[in-house]
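First the structure, in the form of structure tokens, and then the observations on it.
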Amino acid sequence: MKRNSKGAKRRRTIQVWTLAQAKSAAPYLTSVVRSLREHTLEGLACRRRLRHIDERPGRPDRDALIARQEADDTARHSEDRAAEAAAELAALDIRPFNAVHGQALVPFVHEEQLAWYVFDLHDPQPYRFWRFQSDPDDTRRPVTPRQHGRVEAAETA
């Protein structure tokens, strides 16, 4: 079977943000990332409850079967809601980074490379750090005037 050489390397352009745009979207991102975090945590808690029910010795009784079904339904519902919140971010080309910690990555270009502002739900300054696409996941670089778009201010300082 022949491969379609036309579609072999499709590139998709992503929307990049300025820091000012990202800051103006912070209230909206706070809402969506908070929703993603809450639904993710609820889904994880329900899955843990399911494992606990399933690991009980012996045959489950009626109450255990009902509790298992309710936990499974709640977990599925929470996971669906978390997926909806993640899709809402993806529509803006924002990537969930660590849903449990309330972190997302907002794309921008720095030194002609793809970079990401690290949006942190729990930080009073939600855009305190950034990282290059090629950096290890735990890399955090402080936001400086260069990421603010004030290159001339950084060069004269």
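Every chain in the structure tokens takes a letter, A first, then B, and so on in the order presented; its residues are numbered from 1, and the ligands are numbered from 1 following the presented order.
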Counting only C-alpha atoms, which residues of stretch 53-111 of chain A fall within 9 Å of stretch 10-21 of chain A, and what is the closest atom pair for each with its distance in Å at one decimal, ordered by chain and rising number, as JSON lines?
```
{"residue": "A:Leu92", "atom": "CA", "partner": "A:Gln15", "partner_atom": "CA", "distance": 7.2}
{"residue": "A:Asp93", "atom": "CA", "partner": "A:Ile14", "partner_atom": "CA", "distance": 6.1}
{"residue": "A:Ile94", "atom": "CA", "partner": "A:Gln15", "partner_atom": "CA", "distance": 8.8}
{"residue": "A:Val106", "atom": "CA", "partner": "A:Trp17", "partner_atom": "CA", "distance": 7.0}
{"residue": "A:Pro107", "atom": "CA", "partner": "A:Val16", "partner_atom": "CA", "distance": 5.0}
{"residue": "A:Phe108", "atom": "CA", "partner": "A:Val16", "partner_atom": "CA", "distance": 4.5}
{"residue": "A:Val109", "atom": "CA", "partner": "A:Val16", "partner_atom": "CA", "distance": 6.8}
```
List the neighbours of A:Val33 out to 9 Å using only C-alpha atoms; skip same-chain residues closer than 5 positions along the sequence, and give me the result as a PDB file with C-alpha atoms, in the first residue's frame.
```pdb
ATOM      1  CA  TYR A  28     -10.727  33.628  31.362  1.00  0.00           C
ATOM      2  CA  GLU A  38     -11.327  20.507  39.636  1.00  0.00           C
ATOM      3  CA  ALA A  85     -12.016  22.296  29.386  1.00  0.00           C
ATOM      4  CA  ALA A  86      -8.829  20.979  27.736  1.00  0.00           C
ATOM      5  CA  LEU A  89      -7.778  25.642  25.874  1.00  0.00           C
ATOM      6  CA  PRO A  96      -2.663  22.039  29.625  1.00  0.00           C
ATOM      7  CA  ALA A  99      -3.909  19.937  35.361  1.00  0.00           C
ATOM      8  CA  GLY A 102      -3.358  24.222  37.652  1.00  0.00           C
ATOM      9  CA  GLN A 103      -0.710  24.930  35.032  1.00  0.00           C
ATOM     10  CA  ALA A 104      -1.023  25.611  31.316  1.00  0.00           C
ATOM     11  CA  ASP A 120       0.079  29.066  37.078  1.00  0.00           C
ATOM     12  CA  LEU A 121      -3.369  29.192  38.626  1.00  0.00           C
TER      13      LEU A 121
END
```
Would you kindly return, as a PyMOL selection string, each protein, DNA or RNA residue with an atom no farther than 12 Å from any atom of A:Asp80, considering only C-alpha atoms and excluding same-chain residues fewer than 3 positions away?
chain A and resi 35-36+39-40+42-43+73-77+83-87
Selection near A:Gln147, 12 Å with only C-alpha atoms, sequence-local residues under 5 positions removed, as a list in words
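With the cut-off at 12 Å, the set is Trp17, Thr18, Leu19, Ala20, Ala22, Pro107, Phe108, Val109, His110, Glu111, Ala115, Trp116, Tyr117, Tyr127, Arg128, Phe129, Trp130, Arg131, Phe132, Arg141, Pro142, Glu152, Ala153 and Ala154 of chain A.
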Pairwise distance for atom CA of A:Ala90 and atom CA of A:Gln133, rounded to one decimal in Å:
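We find that atom CA of A:Ala90 and atom CA of A:Gln133 lie 16.4 Å from each other.
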Residues of chain A in strand (DSSP E or B) according to DSSP, as a PyMOL selection string?
chain A and resi 95-98+103-110+113-120+129-132+141-142
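Counting only C-alpha atoms, stretch 67-71 of chain A has the following residues at most 7 Å away, ignoring those fewer than 3 positions along the same chain: Cys46, Arg49, Leu50, Ile53, Asp63, Ala64, Thr74 and Ala75 of chain A.
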Can I get the selected residues back with N, CA, C and O atoms, as a CSV table (one decimal), in the first residue's frame?
```csv
chain,number,residue,atom,x,y,z
A,46,CYS,N,-12.5,9.6,42.1
A,46,CYS,CA,-13.4,8.6,41.8
A,46,CYS,C,-12.7,7.3,41.3
A,46,CYS,O,-13.1,6.2,41.7
A,49,ARG,N,-11.4,5.6,44.3
A,49,ARG,CA,-12.5,5.0,45.1
A,49,ARG,C,-12.9,3.7,44.4
A,49,ARG,O,-13.1,2.7,45.0
A,50,LEU,N,-12.9,3.7,43.0
A,50,LEU,CA,-13.2,2.5,42.3
A,50,LEU,C,-12.1,1.4,42.6
A,50,LEU,O,-12.5,0.2,42.8
A,53,ILE,N,-12.8,-0.1,46.0
A,53,ILE,CA,-14.0,-1.0,46.0
A,53,ILE,C,-13.6,-2.3,45.3
A,53,ILE,O,-13.9,-3.4,45.8
A,63,ASP,N,-24.6,-3.0,48.0
A,63,ASP,CA,-24.2,-1.7,48.3
A,63,ASP,C,-22.8,-1.4,47.6
A,63,ASP,O,-22.6,-0.3,47.0
A,64,ALA,N,-22.0,-2.4,47.5
A,64,ALA,CA,-20.7,-2.2,46.9
A,64,ALA,C,-20.9,-2.0,45.4
A,64,ALA,O,-20.2,-1.2,44.7
A,74,THR,N,-19.6,9.0,38.0
A,74,THR,CA,-19.0,10.3,38.4
A,74,THR,C,-17.7,10.5,37.7
A,74,THR,O,-17.3,11.6,37.2
A,75,ALA,N,-16.8,9.5,37.7
A,75,ALA,CA,-15.5,9.6,37.1
A,75,ALA,C,-15.6,9.9,35.6
A,75,ALA,O,-14.9,10.7,35.1
```
Find the residue from A:Pro124, A:Leu65, A:Leu41, A:Arg146 that sits nearest to A:Val100; use only C-alpha atoms when measuring.
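Among the listed residues, the smallest separation from A:Val100 belongs to A:Leu41.
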